[in-house]
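Engineer: final-v1.txt is reproduced in full below (compact mmCIF, C-alpha atoms and all ligand atoms).
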```txt
# COMPACT_ATOMS: atom_id res chain seq x y z
CA MET A 22 113.70 -97.80 91.57
CA ASN A 23 113.03 -101.50 91.40
CA ASP A 24 115.80 -101.94 88.82
CA ARG A 25 117.90 -104.55 90.64
CA ASN A 26 115.73 -107.34 89.27
CA VAL A 27 115.64 -105.84 85.80
CA LEU A 28 119.40 -105.48 85.73
CA GLU A 29 119.87 -109.03 86.97
CA VAL A 30 117.64 -110.35 84.17
CA ILE A 31 119.53 -108.27 81.59
CA LYS A 32 122.98 -109.24 82.86
CA SER A 33 122.03 -112.92 82.93
CA LYS A 34 121.93 -112.88 79.09
CA ALA A 35 124.54 -110.21 78.32
CA ASN A 36 127.02 -109.58 81.05
CA ASN A 37 129.65 -107.73 79.10
CA LEU A 38 127.64 -105.06 77.30
CA SER A 39 127.81 -101.46 78.48
CA PRO A 40 125.77 -99.27 76.13
CA ARG A 41 126.36 -95.53 76.31
CA LEU A 42 123.54 -94.63 73.95
CA GLY A 43 119.83 -95.48 74.17
CA ILE A 44 117.43 -95.29 71.23
CA ILE A 45 113.61 -95.39 71.38
CA LEU A 46 111.94 -96.43 68.14
CA GLY A 47 108.54 -94.93 67.30
CA SER A 48 105.51 -96.29 65.45
CA GLY A 49 106.48 -98.15 62.28
CA LEU A 50 110.19 -97.43 62.86
CA GLY A 51 111.09 -100.80 64.43
CA SER A 52 112.92 -102.04 61.34
CA PHE A 53 115.97 -100.06 62.47
CA ILE A 54 116.89 -103.12 64.51
CA GLU A 55 118.06 -104.81 61.27
CA GLU A 56 121.12 -102.54 61.47
CA ILE A 57 122.16 -103.84 64.93
CA ASP A 58 124.93 -106.44 65.24
CA ASP A 59 125.33 -109.02 68.03
CA LYS A 60 121.76 -108.49 69.21
CA VAL A 61 120.56 -109.68 72.59
CA VAL A 62 116.76 -109.38 72.69
CA TYR A 63 114.58 -109.07 75.80
CA PRO A 64 110.79 -108.95 75.30
CA PHE A 65 109.41 -106.31 77.69
CA ALA A 66 107.34 -109.11 79.27
CA GLU A 67 110.60 -110.65 80.61
CA LEU A 68 111.69 -107.41 82.27
CA PRO A 69 110.14 -106.64 85.67
CA GLY A 70 108.34 -103.29 85.69
CA PHE A 71 108.44 -102.79 81.91
CA PRO A 72 105.07 -101.83 80.40
CA ILE A 73 103.38 -103.81 77.65
CA THR A 74 102.17 -101.88 74.62
CA SER A 75 98.93 -102.59 72.79
CA VAL A 76 99.80 -100.62 69.65
CA GLU A 77 100.23 -102.30 66.28
CA GLY A 78 103.62 -101.35 64.81
CA HIS A 79 105.26 -101.50 68.23
CA THR A 80 106.85 -104.81 69.10
CA SER A 81 108.05 -104.37 72.65
CA ASN A 82 111.64 -105.44 73.07
CA LEU A 83 114.76 -104.13 74.72
CA ILE A 84 117.64 -104.91 72.39
CA LEU A 85 121.29 -104.66 73.33
CA GLY A 86 123.89 -104.77 70.60
CA GLN A 87 126.23 -102.61 68.56
CA ILE A 88 126.44 -100.62 65.36
CA ASN A 89 129.82 -99.55 63.99
CA GLY A 90 131.35 -100.81 67.23
CA VAL A 91 129.24 -98.48 69.40
CA GLU A 92 127.26 -100.36 72.04
CA ILE A 93 123.62 -99.34 72.17
CA ALA A 94 120.41 -100.19 74.02
CA VAL A 95 117.28 -99.92 71.88
CA LEU A 96 113.68 -99.84 73.05
CA GLN A 97 111.75 -101.24 70.12
CA GLY A 98 108.32 -100.11 71.18
CA ARG A 99 107.21 -97.53 73.69
CA VAL A 100 104.05 -97.22 75.71
CA HIS A 101 101.90 -94.16 75.12
CA TYR A 102 99.92 -92.20 77.69
CA TYR A 103 96.73 -92.98 75.75
CA GLU A 104 97.07 -96.73 76.37
CA ASP A 105 96.11 -96.73 80.04
CA ALA A 106 96.50 -93.11 81.07
CA ASN A 107 99.75 -93.91 82.88
CA ILE A 108 101.85 -90.80 82.41
CA ASP A 109 105.07 -92.34 83.76
CA ALA A 110 104.79 -95.67 81.92
CA MET A 111 108.29 -95.21 80.43
CA LYS A 112 109.99 -94.41 83.74
CA ILE A 113 111.39 -97.89 84.43
CA PRO A 114 112.63 -98.42 80.84
CA LEU A 115 114.44 -95.05 80.93
CA GLU A 116 115.85 -95.68 84.40
CA THR A 117 117.06 -99.06 83.13
CA LEU A 118 118.86 -97.48 80.16
CA LYS A 119 120.56 -95.11 82.57
CA SER A 120 121.54 -97.93 84.94
CA LEU A 121 123.01 -99.84 81.99
CA GLY A 122 125.32 -96.88 81.32
CA CYS A 123 123.48 -94.77 78.73
CA SER A 124 124.10 -91.05 79.06
CA THR A 125 122.28 -90.03 75.87
CA ILE A 126 118.88 -90.98 74.49
CA ILE A 127 117.77 -90.65 70.88
CA LEU A 128 113.99 -90.54 70.66
CA THR A 129 112.22 -91.22 67.38
CA ASN A 130 108.56 -90.89 66.55
CA SER A 131 106.03 -90.67 63.75
CA ALA A 132 104.35 -87.30 63.48
CA GLY A 133 101.96 -85.22 61.45
CA SER A 134 103.36 -82.11 59.78
CA LEU A 135 102.02 -78.60 60.38
CA LYS A 136 104.51 -77.11 57.91
CA SER A 137 103.57 -77.22 54.25
CA ASN A 138 107.25 -77.63 53.29
CA ALA A 139 107.81 -80.70 55.54
CA LYS A 140 106.29 -83.62 53.67
CA PRO A 141 105.43 -87.26 54.47
CA GLY A 142 108.57 -89.42 54.41
CA GLU A 143 110.82 -86.51 55.52
CA VAL A 144 112.56 -86.17 58.88
CA VAL A 145 112.38 -83.34 61.41
CA LEU A 146 114.98 -82.69 64.11
CA LEU A 147 113.12 -81.47 67.20
CA THR A 148 114.32 -78.22 68.73
CA ASP A 149 111.72 -77.99 71.54
CA HIS A 150 108.22 -79.13 72.46
CA ILE A 151 104.87 -77.81 73.64
CA ASN A 152 103.28 -79.96 76.34
CA TYR A 153 99.71 -79.08 75.42
CA MET A 154 98.33 -81.84 77.68
CA GLY A 155 99.63 -80.02 80.74
CA ILE A 156 100.45 -83.24 82.57
CA SER A 157 103.85 -84.47 83.67
CA PRO A 158 105.45 -87.88 84.34
CA LEU A 159 106.97 -86.24 87.42
CA PHE A 160 103.64 -85.70 89.20
CA LYS A 161 104.38 -88.28 91.91
CA GLU A 162 108.02 -87.35 92.43
CA THR A 163 109.10 -85.55 95.58
CA GLY A 164 112.12 -83.37 96.28
CA ASN A 165 113.57 -80.46 94.39
CA ASP A 166 114.90 -82.47 91.45
CA ARG A 167 111.38 -82.67 90.05
CA PHE A 168 111.56 -78.99 89.09
CA VAL A 169 113.42 -79.86 85.91
CA ASN A 170 114.84 -77.05 83.76
CA MET A 171 113.47 -77.56 80.25
CA VAL A 172 115.61 -74.93 78.49
CA ASP A 173 117.75 -76.75 75.92
CA ALA A 174 116.02 -80.03 76.81
CA TYR A 175 116.84 -81.04 73.23
CA ASP A 176 120.60 -80.93 73.52
CA PRO A 177 122.04 -78.10 71.37
CA SER A 178 125.37 -79.80 70.66
CA LEU A 179 123.71 -83.07 69.63
CA ARG A 180 121.30 -81.12 67.43
CA ASP A 181 124.23 -79.38 65.86
CA ALA A 182 125.94 -82.73 65.23
CA PHE A 183 122.81 -84.09 63.48
CA SER A 184 122.38 -80.95 61.36
CA LYS A 185 126.01 -81.05 60.20
CA LEU A 186 125.76 -84.76 59.50
CA ALA A 187 122.60 -84.33 57.44
CA LYS A 188 124.25 -81.60 55.36
CA LYS A 189 127.38 -83.67 54.83
CA LYS A 190 125.40 -86.74 53.77
CA ASN A 191 122.90 -84.75 51.69
CA ILE A 192 119.89 -85.80 53.78
CA LEU A 193 117.00 -83.35 54.03
CA LEU A 194 116.53 -82.61 57.74
CA HIS A 195 113.92 -80.06 58.84
CA GLU A 196 113.88 -78.51 62.30
CA GLY A 197 110.79 -77.92 64.37
CA VAL A 198 108.80 -77.83 67.60
CA TYR A 199 106.85 -80.96 68.61
CA PHE A 200 103.31 -80.37 69.79
CA TRP A 201 101.92 -83.11 72.05
CA PHE A 202 98.29 -84.17 71.82
CA CYS A 203 97.72 -87.33 73.86
CA GLY A 204 95.52 -89.18 71.31
CA PRO A 205 94.58 -91.87 70.51
CA ASN A 206 92.13 -90.03 68.27
CA PHE A 207 93.74 -87.83 65.67
CA GLU A 208 93.28 -84.08 66.05
CA THR A 209 90.48 -81.97 64.64
CA PRO A 210 91.39 -79.43 61.94
CA ALA A 211 90.57 -76.67 64.47
CA GLU A 212 93.03 -78.16 66.98
CA ILE A 213 95.69 -78.20 64.29
CA ARG A 214 95.03 -74.56 63.39
CA GLY A 215 95.39 -73.76 67.12
CA ALA A 216 98.63 -75.78 67.40
CA LYS A 217 100.10 -73.81 64.49
CA ILE A 218 99.22 -70.50 66.11
CA LEU A 219 100.82 -71.67 69.37
CA GLY A 220 104.09 -72.48 67.59
CA GLY A 221 103.95 -76.20 66.77
CA ASP A 222 105.64 -77.57 63.64
CA VAL A 223 104.88 -81.28 64.04
CA VAL A 224 102.19 -83.05 66.03
CA GLY A 225 102.31 -86.40 67.77
CA MET A 226 101.11 -88.59 70.63
CA SER A 227 104.38 -89.55 72.32
CA THR A 228 107.90 -88.37 73.16
CA VAL A 229 107.11 -85.46 75.52
CA PRO A 230 106.73 -87.60 78.70
CA GLU A 231 109.97 -89.42 77.77
CA VAL A 232 111.89 -86.20 77.22
CA ILE A 233 110.77 -84.92 80.63
CA LEU A 234 111.71 -88.21 82.32
CA ALA A 235 115.07 -88.34 80.53
CA ARG A 236 115.93 -84.78 81.59
CA TYR A 237 114.85 -85.61 85.16
CA LEU A 238 117.29 -88.54 85.05
CA GLY A 239 120.06 -86.29 83.71
CA LEU A 240 120.17 -87.94 80.29
CA LYS A 241 121.01 -85.92 77.18
CA VAL A 242 118.20 -85.96 74.62
CA VAL A 243 117.99 -85.69 70.87
CA ALA A 244 114.73 -86.42 69.02
CA LEU A 245 113.75 -87.03 65.41
CA SER A 246 110.25 -87.18 63.91
CA VAL A 247 109.43 -89.01 60.70
CA ILE A 248 106.56 -87.20 58.99
CA THR A 249 103.89 -89.74 58.14
CA ASN A 250 101.12 -87.34 57.10
CA MET A 251 100.12 -83.73 56.77
CA ALA A 252 98.22 -82.91 59.98
CA SER A 253 94.44 -83.06 60.15
CA GLY A 254 92.71 -80.71 57.72
CA MET A 255 95.90 -79.81 55.83
CA ASP A 256 95.20 -82.11 52.88
CA ASN A 257 92.45 -84.38 51.61
CA GLN A 258 94.03 -87.67 52.68
CA PRO A 259 92.17 -89.46 55.49
CA LEU A 260 94.27 -90.08 58.63
CA SER A 261 94.64 -93.63 59.87
CA HIS A 262 97.11 -95.69 61.88
CA GLU A 263 97.66 -97.92 58.81
CA ARG A 264 98.76 -94.86 56.82
CA THR A 265 101.05 -93.78 59.68
CA ILE A 266 102.77 -97.18 59.67
CA GLU A 267 103.08 -97.31 55.87
CA ASN A 268 104.60 -93.83 55.54
CA ALA A 269 106.83 -94.37 58.59
CA LYS A 270 108.45 -97.24 56.71
CA LYS A 271 109.25 -94.90 53.78
CA GLY A 272 110.66 -92.21 56.08
CA MET A 273 112.73 -94.86 57.83
CA LEU A 274 115.27 -94.74 54.98
CA ASP A 275 116.58 -91.26 55.83
CA LEU A 276 116.20 -91.84 59.57
CA LYS A 277 118.27 -95.04 59.35
CA LYS A 278 120.99 -93.22 57.39
CA LEU A 279 121.10 -90.45 59.98
CA LEU A 280 121.28 -92.83 62.93
CA VAL A 281 123.87 -95.16 61.41
CA ASN A 282 126.06 -92.22 60.37
CA PHE A 283 125.72 -90.67 63.82
CA LEU A 284 126.91 -93.92 65.38
CA GLU A 285 129.83 -93.99 62.94
CA LEU A 286 130.71 -90.49 64.13
CA LEU A 287 130.57 -91.63 67.77
CA SER A 288 132.80 -94.62 67.04
CA THR A 289 135.56 -92.25 65.94
CA ASN A 290 135.19 -89.94 68.96
N1 LIG B 1 98.73 -86.59 64.84
C1 LIG B 1 99.14 -87.19 65.97
N2 LIG B 1 100.01 -88.18 65.99
C2 LIG B 1 100.51 -88.60 64.83
C3 LIG B 1 100.13 -88.02 63.61
C4 LIG B 1 99.19 -86.97 63.61
O1 LIG B 1 98.80 -86.41 62.57
N3 LIG B 1 100.82 -88.70 62.64
C5 LIG B 1 101.58 -89.62 63.26
N4 LIG B 1 101.40 -89.58 64.59
```
For the file at hand, write its structure as structure tokens.
Structural biologist:
Amino acid sequence: MNDRNVLEVIKSKANNLSPRLGIILGSGLGSFIEEIDDKVVYPFAELPGFPITSVEGHTSNLILGQINGVEIAVLQGRVHYYEDANIDAMKIPLETLKSLGCSTIILTNSAGSLKSNAKPGEVVLLTDHINYMGISPLFKETGNDRFVNMVDAYDPSLRDAFSKLAKKKNILLHEGVYFWFCGPNFETPAEIRGAKILGGDVVGMSTVPEVILARYLGLKVVALSVITNMASGMDNQPLSHERTIENAKKGMLDLKKLLVNFLELLSTN
């Protein structure tokens, strides 16, 4: 990896930070950064090898800082496969989080719901995914490490910690399987009916390549979807990116509570 330069740039502004947890913020979920203390902000454009996103709702920054005394590295903005069909666009950002010291990654995203009981504004803890696109960010890798085991890719003990936390704090937290369509167009109602039959619970355009990359790098993964809409054909509301962003902001309330409380838990462990 060409991370020497990246690390030099990062260390030149914040030499003494050693985050153990990385967080990736999904569409419309960037306001989480208000919770971070002692922020050091690096626009992706300053970081060699980092991709630049073209999606509204994603400001691209790496932010180092702390919450409840736990040092974290946050990617405010991710790049999606649909932007320039680069399946490993998030490889250097994830490698950088690992090089900085992160051993766990929390992925967040906005998603459509396939379950009538999981409504816009509510949060789903991902238990697994279906890579319907059939492509992998590990295509160009060589060696045996590329044959990554995807059983328990969504770390069972971290999932358990989030479930217990949600119960304790009285936050509604669904569980479900993420179904990846690459976008950028929303799905057809027929595709959604198919995704349901195949076992999907939420549908989205991100996260799967990052989970595969993170597992390849040996990082523990936990992932949370904020439901921004019922999936295509499930209600009469038209789908749009504007609606995704607006509902993501509403769902951010519970997501923020979960993340901040999780960090509080880590600070005492
Ligand atoms: N489909 C795909 N991606 C999404 C959706 C959806 O319905 N909502 C938010 N991201």
Engineer: Taking all atoms listed in the file into account, list the residues no farther than 9 Å from ligand LIG 1 (chain B), as a PyMOL selection string.
Structural biologist: chain A and resi 48+130-135+200-208+213+223-227+247-253+260-262+264-266+269
Engineer: Set the distance at 12 Å and use all atoms listed in the file: which residues neighbour Leu68 of chain A once local chain neighbours fewer than 4 positions away are removed? I'd like the list as a list of chain:residue names.
Structural biologist: A:Asn23, A:Asp24, A:Arg25, A:Asn26, A:Val27, A:Leu28, A:Glu29, A:Val30, A:Ile31, A:Lys32, A:Ser33, A:Val62, A:Tyr63, A:Pro64, A:Pro72, A:Ile73, A:Ser81, A:Asn82, A:Leu83, A:Ile84, A:Ile113, A:Pro114, A:Thr117
Engineer: Measuring between only C-alpha atoms, which one of A:Thr289, A:Asn89, A:Ser246, A:Thr74 shows the shortest distance to Glu56 of chain A?
Structural biologist: A:Asn89
Engineer: List the spatial neighbours of Gly197 of chain A as a PDB file with C-alpha atoms, in the coordinates of the input - criterion: any atom at most 10 Å away, all atoms listed in the file, same-chain residues fewer than 6 positions off excluded.
Structural biologist:
```pdb
ATOM      1  CA  SER A 134     103.360 -82.110  59.780  1.00  0.00           C
ATOM      2  CA  LEU A 135     102.020 -78.600  60.380  1.00  0.00           C
ATOM      3  CA  LYS A 136     104.510 -77.110  57.910  1.00  0.00           C
ATOM      4  CA  ALA A 139     107.810 -80.700  55.540  1.00  0.00           C
ATOM      5  CA  VAL A 145     112.380 -83.340  61.410  1.00  0.00           C
ATOM      6  CA  LEU A 146     114.980 -82.690  64.110  1.00  0.00           C
ATOM      7  CA  LEU A 147     113.120 -81.470  67.200  1.00  0.00           C
ATOM      8  CA  THR A 148     114.320 -78.220  68.730  1.00  0.00           C
ATOM      9  CA  ASP A 149     111.720 -77.990  71.540  1.00  0.00           C
ATOM     10  CA  HIS A 150     108.220 -79.130  72.460  1.00  0.00           C
ATOM     11  CA  GLY A 220     104.090 -72.480  67.590  1.00  0.00           C
ATOM     12  CA  GLY A 221     103.950 -76.200  66.770  1.00  0.00           C
ATOM     13  CA  ASP A 222     105.640 -77.570  63.640  1.00  0.00           C
ATOM     14  CA  VAL A 223     104.880 -81.280  64.040  1.00  0.00           C
ATOM     15  CA  LEU A 245     113.750 -87.030  65.410  1.00  0.00           C
ATOM     16  CA  SER A 246     110.250 -87.180  63.910  1.00  0.00           C
TER      17      SER A 246
END
```
Engineer: Using only C-alpha atoms, find all polymer residues with an atom at most 12 Å away from the point (123.1, -91.2, 63.6); report them as a compact mmCIF listing (two decimals) with C-alpha atoms, in the frame of the given file.
Structural biologist:
```
# COMPACT_ATOMS: atom_id res chain seq x y z
CA LEU A 42 123.54 -94.63 73.95
CA GLY A 43 119.83 -95.48 74.17
CA ILE A 44 117.43 -95.29 71.23
CA PHE A 53 115.97 -100.06 62.47
CA GLU A 56 121.12 -102.54 61.47
CA ILE A 88 126.44 -100.62 65.36
CA ASN A 89 129.82 -99.55 63.99
CA VAL A 91 129.24 -98.48 69.40
CA ILE A 93 123.62 -99.34 72.17
CA ILE A 126 118.88 -90.98 74.49
CA ILE A 127 117.77 -90.65 70.88
CA LEU A 128 113.99 -90.54 70.66
CA THR A 129 112.22 -91.22 67.38
CA LEU A 146 114.98 -82.69 64.11
CA LEU A 179 123.71 -83.07 69.63
CA ARG A 180 121.30 -81.12 67.43
CA ALA A 182 125.94 -82.73 65.23
CA PHE A 183 122.81 -84.09 63.48
CA SER A 184 122.38 -80.95 61.36
CA LYS A 185 126.01 -81.05 60.20
CA LEU A 186 125.76 -84.76 59.50
CA ALA A 187 122.60 -84.33 57.44
CA LYS A 190 125.40 -86.74 53.77
CA ILE A 192 119.89 -85.80 53.78
CA VAL A 243 117.99 -85.69 70.87
CA ALA A 244 114.73 -86.42 69.02
CA LEU A 245 113.75 -87.03 65.41
CA ASP A 275 116.58 -91.26 55.83
CA LEU A 276 116.20 -91.84 59.57
CA LYS A 277 118.27 -95.04 59.35
CA LYS A 278 120.99 -93.22 57.39
CA LEU A 279 121.10 -90.45 59.98
CA LEU A 280 121.28 -92.83 62.93
CA VAL A 281 123.87 -95.16 61.41
CA ASN A 282 126.06 -92.22 60.37
CA PHE A 283 125.72 -90.67 63.82
CA LEU A 284 126.91 -93.92 65.38
CA GLU A 285 129.83 -93.99 62.94
CA LEU A 286 130.71 -90.49 64.13
CA LEU A 287 130.57 -91.63 67.77
CA SER A 288 132.80 -94.62 67.04
```
Engineer: Could you check how far atom CA of Phe168 of chain A sits from atom CA of Gly239 of chain A, in Å to one decimal?
Structural biologist: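 Atom-to-atom, atom CA of Phe168 of chain A to atom CA of Gly239 of chain A, that is 12.4 Å.
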Engineer: Give the answer as one residue: which of A:Asn170, A:Leu240, A:Gly254, A:Val229 has the shortest atom-to-atom distance to Arg214 of chain A, using only C-alpha atoms?
Structural biologist: A:Gly254
Engineer: Grab the atom CA of Leu194 of chain A to atom CA of Asp181 of chain A distance for me, in Å with one decimal place.
Structural biologist: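 These atoms are spaced 11.6 Å apart.
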Engineer: Taking all listed atoms of segment 35-53 of chain A, build the axis-aligned box, pad each of the six sides by 5 Å, then write its centre and edge lengths in Å to one decimal as AutoDock Vina command-line options.
Structural biologist:
```
--center_x 117.6 --center_y -102.4 --center_z 71.2 --size_x 34.1 --size_y 25.6 --size_z 29.7
```
Engineer: Please, what distance in Å, to one decimal, runs between atom CA of Asp166 of chain A and atom CA of Phe71 of chain A?
Structural biologist: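 Computing the Euclidean distance for atom CA of Asp166 of chain A and atom CA of Phe71 of chain A yields 23.4 Å.
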Engineer: So which one's closest to Glu55 of chain A, A:Ala216, A:Leu38, A:Val95, A:Met111? Using all atoms listed in the file, please.
Structural biologist: A:Val95
Engineer: Determine the nearest neighbour of Glu231 of chain A from the options A:Asn257, A:Asn290, A:Ser157, A:Ser137, counting all atoms listed in the file.
Structural biologist: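 Counting all atoms listed in the file, the residue closest to Glu231 of chain A is A:Ser157.
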Engineer: Might you pull out every residue within 8 Å of Gly86 of chain A, with all atoms listed in the file counted and same-chain residues fewer than 6 positions away left off, and present them as a PDB file with C-alpha atoms, in the coordinates of the input?
Structural biologist:
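Generated file (out_37.pdb):
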```pdb
ATOM      1  CA  LEU A  38     127.640-105.060  77.300  1.00  0.00           C
ATOM      2  CA  ILE A  57     122.160-103.840  64.930  1.00  0.00           C
ATOM      3  CA  ASP A  58     124.930-106.440  65.240  1.00  0.00           C
ATOM      4  CA  ASP A  59     125.330-109.020  68.030  1.00  0.00           C
ATOM      5  CA  LYS A  60     121.760-108.490  69.210  1.00  0.00           C
ATOM      6  CA  VAL A  61     120.560-109.680  72.590  1.00  0.00           C
ATOM      7  CA  GLU A  92     127.260-100.360  72.040  1.00  0.00           C
ATOM      8  CA  ILE A  93     123.620 -99.340  72.170  1.00  0.00           C
ATOM      9  CA  ALA A  94     120.410-100.190  74.020  1.00  0.00           C
TER      10      ALA A  94
END
```
Engineer: Generate all heavy atoms for segment 59-68 of chain A and emit them as a compact mmCIF listing (two decimals), keeping the file's coordinate frame.
Structural biologist:
```txt
# COMPACT_ATOMS: atom_id res chain seq x y z
N ASP A 59 125.18 -108.30 66.75
CA ASP A 59 125.33 -109.02 68.03
C ASP A 59 124.16 -108.73 68.97
O ASP A 59 124.34 -108.45 70.16
CB ASP A 59 126.64 -108.61 68.75
CG ASP A 59 127.85 -108.76 67.84
OD1 ASP A 59 127.82 -109.66 67.00
OD2 ASP A 59 128.79 -107.97 67.97
N LYS A 60 122.96 -108.86 68.42
CA LYS A 60 121.76 -108.49 69.21
C LYS A 60 121.47 -109.45 70.36
O LYS A 60 121.54 -110.66 70.18
CB LYS A 60 120.52 -108.53 68.30
CG LYS A 60 120.38 -107.36 67.39
CD LYS A 60 119.00 -107.33 66.74
CE LYS A 60 118.92 -108.10 65.44
NZ LYS A 60 119.58 -107.49 64.32
N VAL A 61 121.15 -108.90 71.51
CA VAL A 61 120.56 -109.68 72.59
C VAL A 61 119.18 -109.07 72.83
O VAL A 61 119.07 -107.87 73.08
CB VAL A 61 121.41 -109.61 73.89
CG1 VAL A 61 120.86 -110.58 74.92
CG2 VAL A 61 122.87 -109.90 73.60
N VAL A 62 118.14 -109.91 72.69
CA VAL A 62 116.76 -109.38 72.69
C VAL A 62 116.02 -109.79 73.96
O VAL A 62 116.04 -110.96 74.34
CB VAL A 62 115.99 -109.91 71.45
CG1 VAL A 62 114.56 -109.39 71.43
CG2 VAL A 62 116.71 -109.53 70.17
N TYR A 63 115.38 -108.81 74.60
CA TYR A 63 114.58 -109.07 75.80
C TYR A 63 113.16 -108.56 75.55
O TYR A 63 112.97 -107.33 75.52
CB TYR A 63 115.10 -108.31 77.02
CG TYR A 63 116.57 -108.49 77.30
CD1 TYR A 63 117.52 -107.74 76.62
CD2 TYR A 63 117.01 -109.39 78.26
CE1 TYR A 63 118.87 -107.89 76.88
CE2 TYR A 63 118.36 -109.54 78.53
CZ TYR A 63 119.29 -108.79 77.82
OH TYR A 63 120.62 -108.94 78.08
N PRO A 64 112.18 -109.45 75.36
CA PRO A 64 110.79 -108.95 75.30
C PRO A 64 110.49 -108.19 76.60
O PRO A 64 110.93 -108.62 77.67
CB PRO A 64 109.96 -110.23 75.20
CG PRO A 64 110.91 -111.28 74.72
CD PRO A 64 112.28 -110.90 75.24
N PHE A 65 109.75 -107.07 76.48
CA PHE A 65 109.41 -106.31 77.69
C PHE A 65 108.79 -107.22 78.76
O PHE A 65 108.99 -107.00 79.95
CB PHE A 65 108.40 -105.20 77.36
CG PHE A 65 109.01 -103.92 76.82
CD1 PHE A 65 110.29 -103.88 76.32
CD2 PHE A 65 108.26 -102.74 76.81
CE1 PHE A 65 110.84 -102.69 75.82
CE2 PHE A 65 108.80 -101.55 76.31
CZ PHE A 65 110.08 -101.53 75.82
N ALA A 66 108.03 -108.24 78.32
CA ALA A 66 107.34 -109.11 79.27
C ALA A 66 108.32 -109.83 80.20
O ALA A 66 107.95 -110.24 81.30
CB ALA A 66 106.48 -110.12 78.52
N GLU A 67 109.59 -109.97 79.77
CA GLU A 67 110.60 -110.65 80.61
C GLU A 67 111.22 -109.71 81.62
O GLU A 67 111.97 -110.13 82.49
CB GLU A 67 111.76 -111.16 79.73
CG GLU A 67 111.51 -112.44 79.02
CD GLU A 67 112.71 -112.83 78.16
OE1 GLU A 67 113.82 -112.29 78.32
OE2 GLU A 67 112.50 -113.70 77.29
N LEU A 68 110.97 -108.40 81.46
CA LEU A 68 111.69 -107.41 82.27
C LEU A 68 110.76 -106.82 83.34
O LEU A 68 109.81 -106.10 83.00
CB LEU A 68 112.25 -106.31 81.37
CG LEU A 68 113.23 -106.79 80.28
CD1 LEU A 68 113.58 -105.67 79.32
CD2 LEU A 68 114.50 -107.37 80.91
```
